[in-house]
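Notes to accompany the following structure.
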Amino acid sequence: MVGAKPKFQIRDRANRVTSPGARSHVRPPRWRWVAIASVFVPLSLVLVQCGKAPSAGLLAANTPASSGDSFVDRFPTPQFNDRFPTASESLVQRQVALAPPQRTVRTEPVRVASLTPTITLPKPSEREELTTLVSMKSSAFPYFGNNPRSEAPFLNISKGDRRGHRAYNGRVYWQDETYNDNRVLVHVPETFDVRKPGVIVVFFHGNGATLERDVRDRQMVPQQISDSGVNAVLLAPQFAVDAPDSSAGKFWQPGGFKRFMDESAGQLARLTGDPASAKAFASMPIVIVGYSGGFLPTAWSLEVGGVTGRVRGVFLLDAVYGELDKFASWIENNRSGFFVSSYTRYTKRHDRELMEMLRNKGITVTENMDAPLRPGSVVFVQTRDGVTHRDYVTQAWTENPVKEVLVKMAPALTRIASAPSPAGQ
């Protein structure tokens, strides 16, 4: 602007005013140089001396960029040659150049008080807890046989190359989506010892379930078995995947449950790292836990499974929806095993009917879980209103009922493990 005064002025020895851009051959006094320098001293230097200087990165980020002074100009991207050797170099040469100097360490003999280690080392037999999914040919599905109730093929619907099953509700579930998972959830607690009396818990899940989302994570069945402290392992086969269907698949077939347990013995031996233990697993007592729709494979496994004598316990979780004759027959003919049914108002009518059937056969029925479970125990437990069917595996008459039943049967575990099984069973 014309007539505007410069922002600051410099006077020479003759007291003449000289603009900042004007050239003067007169040298100003020393003190004036100091004044001039103080104006141009970088802010960072002042702040450093005060102990409050911002980082170089912060200064660079807040400095206005000019042409040729962008972020890339200030911080260029490392080039290939900056990271890797040239043709005349080698990676070893660069590593040697960057390696820290070697220190000479003086070693002298040290006397110890004892040759015995002072730390506790893990025993060779110790291992971590194991929870995994294993594919098994003898698992419930895929299944291409008949429905024993109707003697009609289970897969009764086709559409091109696809086959499916029309359920009782009229909905079609396709084989490749719903009935094609042959995996089994296997859990072996870290404290399990195959050399001691033990038990195999077989868990039959309910409708609309998957092994990982529901049995493992939501219902915490593996965790309940570990927390019980009982020398037990878990097998949980997948049934209809996330569908409202209780079909038993291969467990409908005579000997189907036995084939499943025989294959499981080899799988458990392999997973625990002791092939010789297959024989122990093949004769170990079994406790079947059936939740909700799991009543159907439970009933058929007891009726035609082929290993009835090895089943020393049946635990139903709000699951008596039918097949009362099969349950009553097993209880009457297997007095070395125990039977527990915990129920809500949804299954109360059928549980009451089954209790009456057993009492008519002269079998004592108890309606509380106060006493330990012994061979021959038959217990029915009604749970209070407000307990939901969905959460029943973790909240029935008590929290974590699977754990509770295993704890209740623990005193009798040695006896039921050592009792001989009937021939061929």
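Identifiers in the structure tokens: chain A, B, ... in order shown; residue index from 1 per chain; ligand index from 1 in order shown.
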*Write down as a VMD selection string the residues belonging to stretch 159-396 of chain A that are assigned strand (DSSP E) by DSSP computed on the backbone.*
chain A and resid 159 162 to 166 172 to 174 183 to 188 199 to 204 232 to 237 286 to 291 311 to 317 338 to 343 378 to 382
Selection file, N, CA and C atoms, as a short mmCIF file (atom, residue, chain, number, x, y, z; two decimals), in the first residue's frame:
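Saved file out.cif follows:
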```cif
data_model
loop_
_atom_site.label_atom_id
_atom_site.label_comp_id
_atom_site.auth_asym_id
_atom_site.auth_seq_id
_atom_site.Cartn_x
_atom_site.Cartn_y
_atom_site.Cartn_z
N LYS A 159 -35.38 -81.82 -5.96
CA LYS A 159 -35.50 -80.67 -6.85
C LYS A 159 -34.23 -80.63 -7.68
N ARG A 162 -30.87 -81.80 -6.10
CA ARG A 162 -30.94 -81.63 -4.64
C ARG A 162 -32.00 -82.54 -4.04
N ARG A 163 -31.70 -83.02 -2.83
CA ARG A 163 -32.66 -83.83 -2.08
C ARG A 163 -32.87 -83.19 -0.73
N GLY A 164 -34.10 -83.33 -0.25
CA GLY A 164 -34.43 -82.70 1.01
C GLY A 164 -35.45 -83.50 1.80
N HIS A 165 -35.74 -82.99 2.98
CA HIS A 165 -36.70 -83.65 3.89
C HIS A 165 -37.81 -82.67 4.23
N ARG A 166 -39.04 -83.10 3.99
CA ARG A 166 -40.18 -82.29 4.40
C ARG A 166 -40.52 -82.65 5.84
N VAL A 172 -39.53 -77.64 3.97
CA VAL A 172 -38.52 -78.50 3.38
C VAL A 172 -37.13 -78.02 3.80
N TYR A 173 -36.32 -78.96 4.30
CA TYR A 173 -34.93 -78.69 4.66
C TYR A 173 -34.05 -79.52 3.73
N TRP A 174 -33.09 -78.86 3.10
CA TRP A 174 -32.28 -79.53 2.09
C TRP A 174 -31.10 -80.25 2.71
N ARG A 183 -19.77 -83.61 11.76
CA ARG A 183 -18.78 -83.29 12.79
C ARG A 183 -19.32 -83.58 14.20
N VAL A 184 -18.37 -83.82 15.09
CA VAL A 184 -18.66 -84.11 16.49
C VAL A 184 -17.79 -83.20 17.35
N LEU A 185 -18.42 -82.53 18.31
CA LEU A 185 -17.66 -81.72 19.26
C LEU A 185 -17.06 -82.64 20.31
N VAL A 186 -15.74 -82.64 20.42
CA VAL A 186 -15.02 -83.48 21.37
C VAL A 186 -14.33 -82.59 22.39
N HIS A 187 -14.49 -82.93 23.65
CA HIS A 187 -13.84 -82.16 24.71
C HIS A 187 -13.16 -83.12 25.69
N VAL A 188 -11.88 -82.88 25.93
CA VAL A 188 -11.10 -83.67 26.88
C VAL A 188 -10.48 -82.70 27.88
N VAL A 199 -15.83 -91.66 32.52
CA VAL A 199 -17.13 -91.75 31.88
C VAL A 199 -17.10 -90.90 30.61
N ILE A 200 -17.84 -91.34 29.60
CA ILE A 200 -18.01 -90.57 28.37
C ILE A 200 -19.41 -89.96 28.40
N VAL A 201 -19.47 -88.63 28.34
CA VAL A 201 -20.74 -87.92 28.29
C VAL A 201 -21.08 -87.66 26.82
N VAL A 202 -22.24 -88.15 26.38
CA VAL A 202 -22.72 -87.92 25.02
C VAL A 202 -23.87 -86.94 25.10
N PHE A 203 -23.70 -85.77 24.47
CA PHE A 203 -24.70 -84.71 24.54
C PHE A 203 -25.44 -84.62 23.22
N PHE A 204 -26.78 -84.79 23.27
CA PHE A 204 -27.63 -84.64 22.10
C PHE A 204 -28.34 -83.29 22.20
N ALA A 232 -14.11 -87.20 33.02
CA ALA A 232 -15.07 -87.41 31.93
C ALA A 232 -14.60 -86.71 30.67
N VAL A 233 -15.04 -87.24 29.53
CA VAL A 233 -14.84 -86.59 28.24
C VAL A 233 -16.21 -86.39 27.59
N LEU A 234 -16.27 -85.52 26.59
CA LEU A 234 -17.53 -85.16 25.95
C LEU A 234 -17.52 -85.51 24.47
N LEU A 235 -18.66 -86.05 24.00
CA LEU A 235 -18.93 -86.22 22.58
C LEU A 235 -20.30 -85.59 22.31
N ALA A 236 -20.35 -84.67 21.33
CA ALA A 236 -21.62 -84.03 20.98
C ALA A 236 -21.76 -84.00 19.46
N PRO A 237 -22.53 -84.95 18.87
CA PRO A 237 -22.69 -84.95 17.41
C PRO A 237 -23.64 -83.86 16.95
N ILE A 286 -21.07 -94.83 29.78
CA ILE A 286 -21.62 -93.72 29.02
C ILE A 286 -22.75 -93.07 29.80
N VAL A 287 -22.79 -91.75 29.79
CA VAL A 287 -23.93 -91.00 30.30
C VAL A 287 -24.47 -90.17 29.14
N ILE A 288 -25.75 -90.37 28.80
CA ILE A 288 -26.38 -89.62 27.71
C ILE A 288 -27.14 -88.44 28.30
N VAL A 289 -26.87 -87.25 27.76
CA VAL A 289 -27.59 -86.04 28.14
C VAL A 289 -28.38 -85.57 26.92
N GLY A 290 -29.71 -85.53 27.03
CA GLY A 290 -30.55 -85.09 25.93
C GLY A 290 -31.29 -83.82 26.30
N TYR A 291 -31.12 -82.80 25.50
CA TYR A 291 -31.81 -81.53 25.75
C TYR A 291 -32.87 -81.30 24.68
N VAL A 311 -24.52 -97.81 28.98
CA VAL A 311 -25.17 -96.56 29.36
C VAL A 311 -25.55 -96.65 30.83
N ARG A 312 -24.84 -95.92 31.67
CA ARG A 312 -25.07 -95.99 33.12
C ARG A 312 -25.79 -94.76 33.65
N GLY A 313 -26.20 -93.86 32.75
CA GLY A 313 -26.95 -92.70 33.20
C GLY A 313 -27.61 -92.00 32.03
N VAL A 314 -28.84 -91.51 32.26
CA VAL A 314 -29.59 -90.74 31.28
C VAL A 314 -30.09 -89.48 31.97
N PHE A 315 -29.80 -88.34 31.37
CA PHE A 315 -30.21 -87.06 31.95
C PHE A 315 -30.93 -86.27 30.87
N LEU A 316 -32.23 -86.01 31.09
CA LEU A 316 -33.05 -85.28 30.14
C LEU A 316 -33.32 -83.88 30.66
N LEU A 317 -33.05 -82.88 29.80
CA LEU A 317 -33.24 -81.48 30.16
C LEU A 317 -34.45 -80.94 29.40
N PHE A 338 -28.70 -94.71 36.38
CA PHE A 338 -29.60 -93.72 36.97
C PHE A 338 -30.33 -92.98 35.86
N PHE A 339 -31.45 -92.36 36.22
CA PHE A 339 -32.28 -91.61 35.27
C PHE A 339 -32.72 -90.32 35.95
N VAL A 340 -32.48 -89.19 35.28
CA VAL A 340 -32.90 -87.89 35.79
C VAL A 340 -33.63 -87.14 34.69
N SER A 341 -34.80 -86.59 35.02
CA SER A 341 -35.53 -85.74 34.08
C SER A 341 -35.89 -84.45 34.80
N SER A 342 -35.35 -83.34 34.31
CA SER A 342 -35.67 -82.03 34.85
C SER A 342 -36.58 -81.34 33.84
N TYR A 343 -37.67 -80.74 34.30
CA TYR A 343 -38.67 -80.29 33.35
C TYR A 343 -39.31 -78.96 33.75
N VAL A 378 -33.95 -92.89 40.26
CA VAL A 378 -34.86 -92.32 39.26
C VAL A 378 -35.39 -91.02 39.85
N VAL A 379 -35.04 -89.91 39.22
CA VAL A 379 -35.33 -88.60 39.79
C VAL A 379 -36.03 -87.72 38.75
N PHE A 380 -37.11 -87.07 39.17
CA PHE A 380 -37.79 -86.07 38.36
C PHE A 380 -37.77 -84.76 39.14
N VAL A 381 -37.39 -83.68 38.47
CA VAL A 381 -37.28 -82.38 39.15
C VAL A 381 -38.04 -81.34 38.35
N GLN A 382 -39.06 -80.76 38.96
CA GLN A 382 -39.78 -79.67 38.31
C GLN A 382 -39.12 -78.36 38.67
#
```
*From the DSSP assignment of the backbone, select every residue of stretch 325-399 of chain A that is alpha helix (DSSP H), and format the answer as a PyMOL selection string.*
chain A and resi 325-333+348-360
*Using only C-alpha atoms, pick whichever of A:Glu263, A:Asp161, A:Asp181, A:Asp217 has the shortest atom-to-atom distance to A:Thr131.*
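Residue with the minimum atom-to-atom distance to A:Thr131: A:Asp217.
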*Atom pair atom CA of A:Asp318 / atom CA of A:Leu211: separation (Å)*: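 Computed distance, atom CA of A:Asp318 to atom CA of A:Leu211, equals 19.0 Å.
Residue nearest A:Pro222 within the list A:Met355, A:Leu324, A:Ala278, A:Val393: A:Val393 [criterion: smallest interatomic distance, only C-alpha atoms].
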_Quick one: residues within 10 Å of A:Val194, only C-alpha atoms, excluding same-chain residues fewer than 2 positions away - as number ranges by chain?_
A: 191-192, 196-199, 231-233, 269, 272, 274, 277-278, 280-281, 284
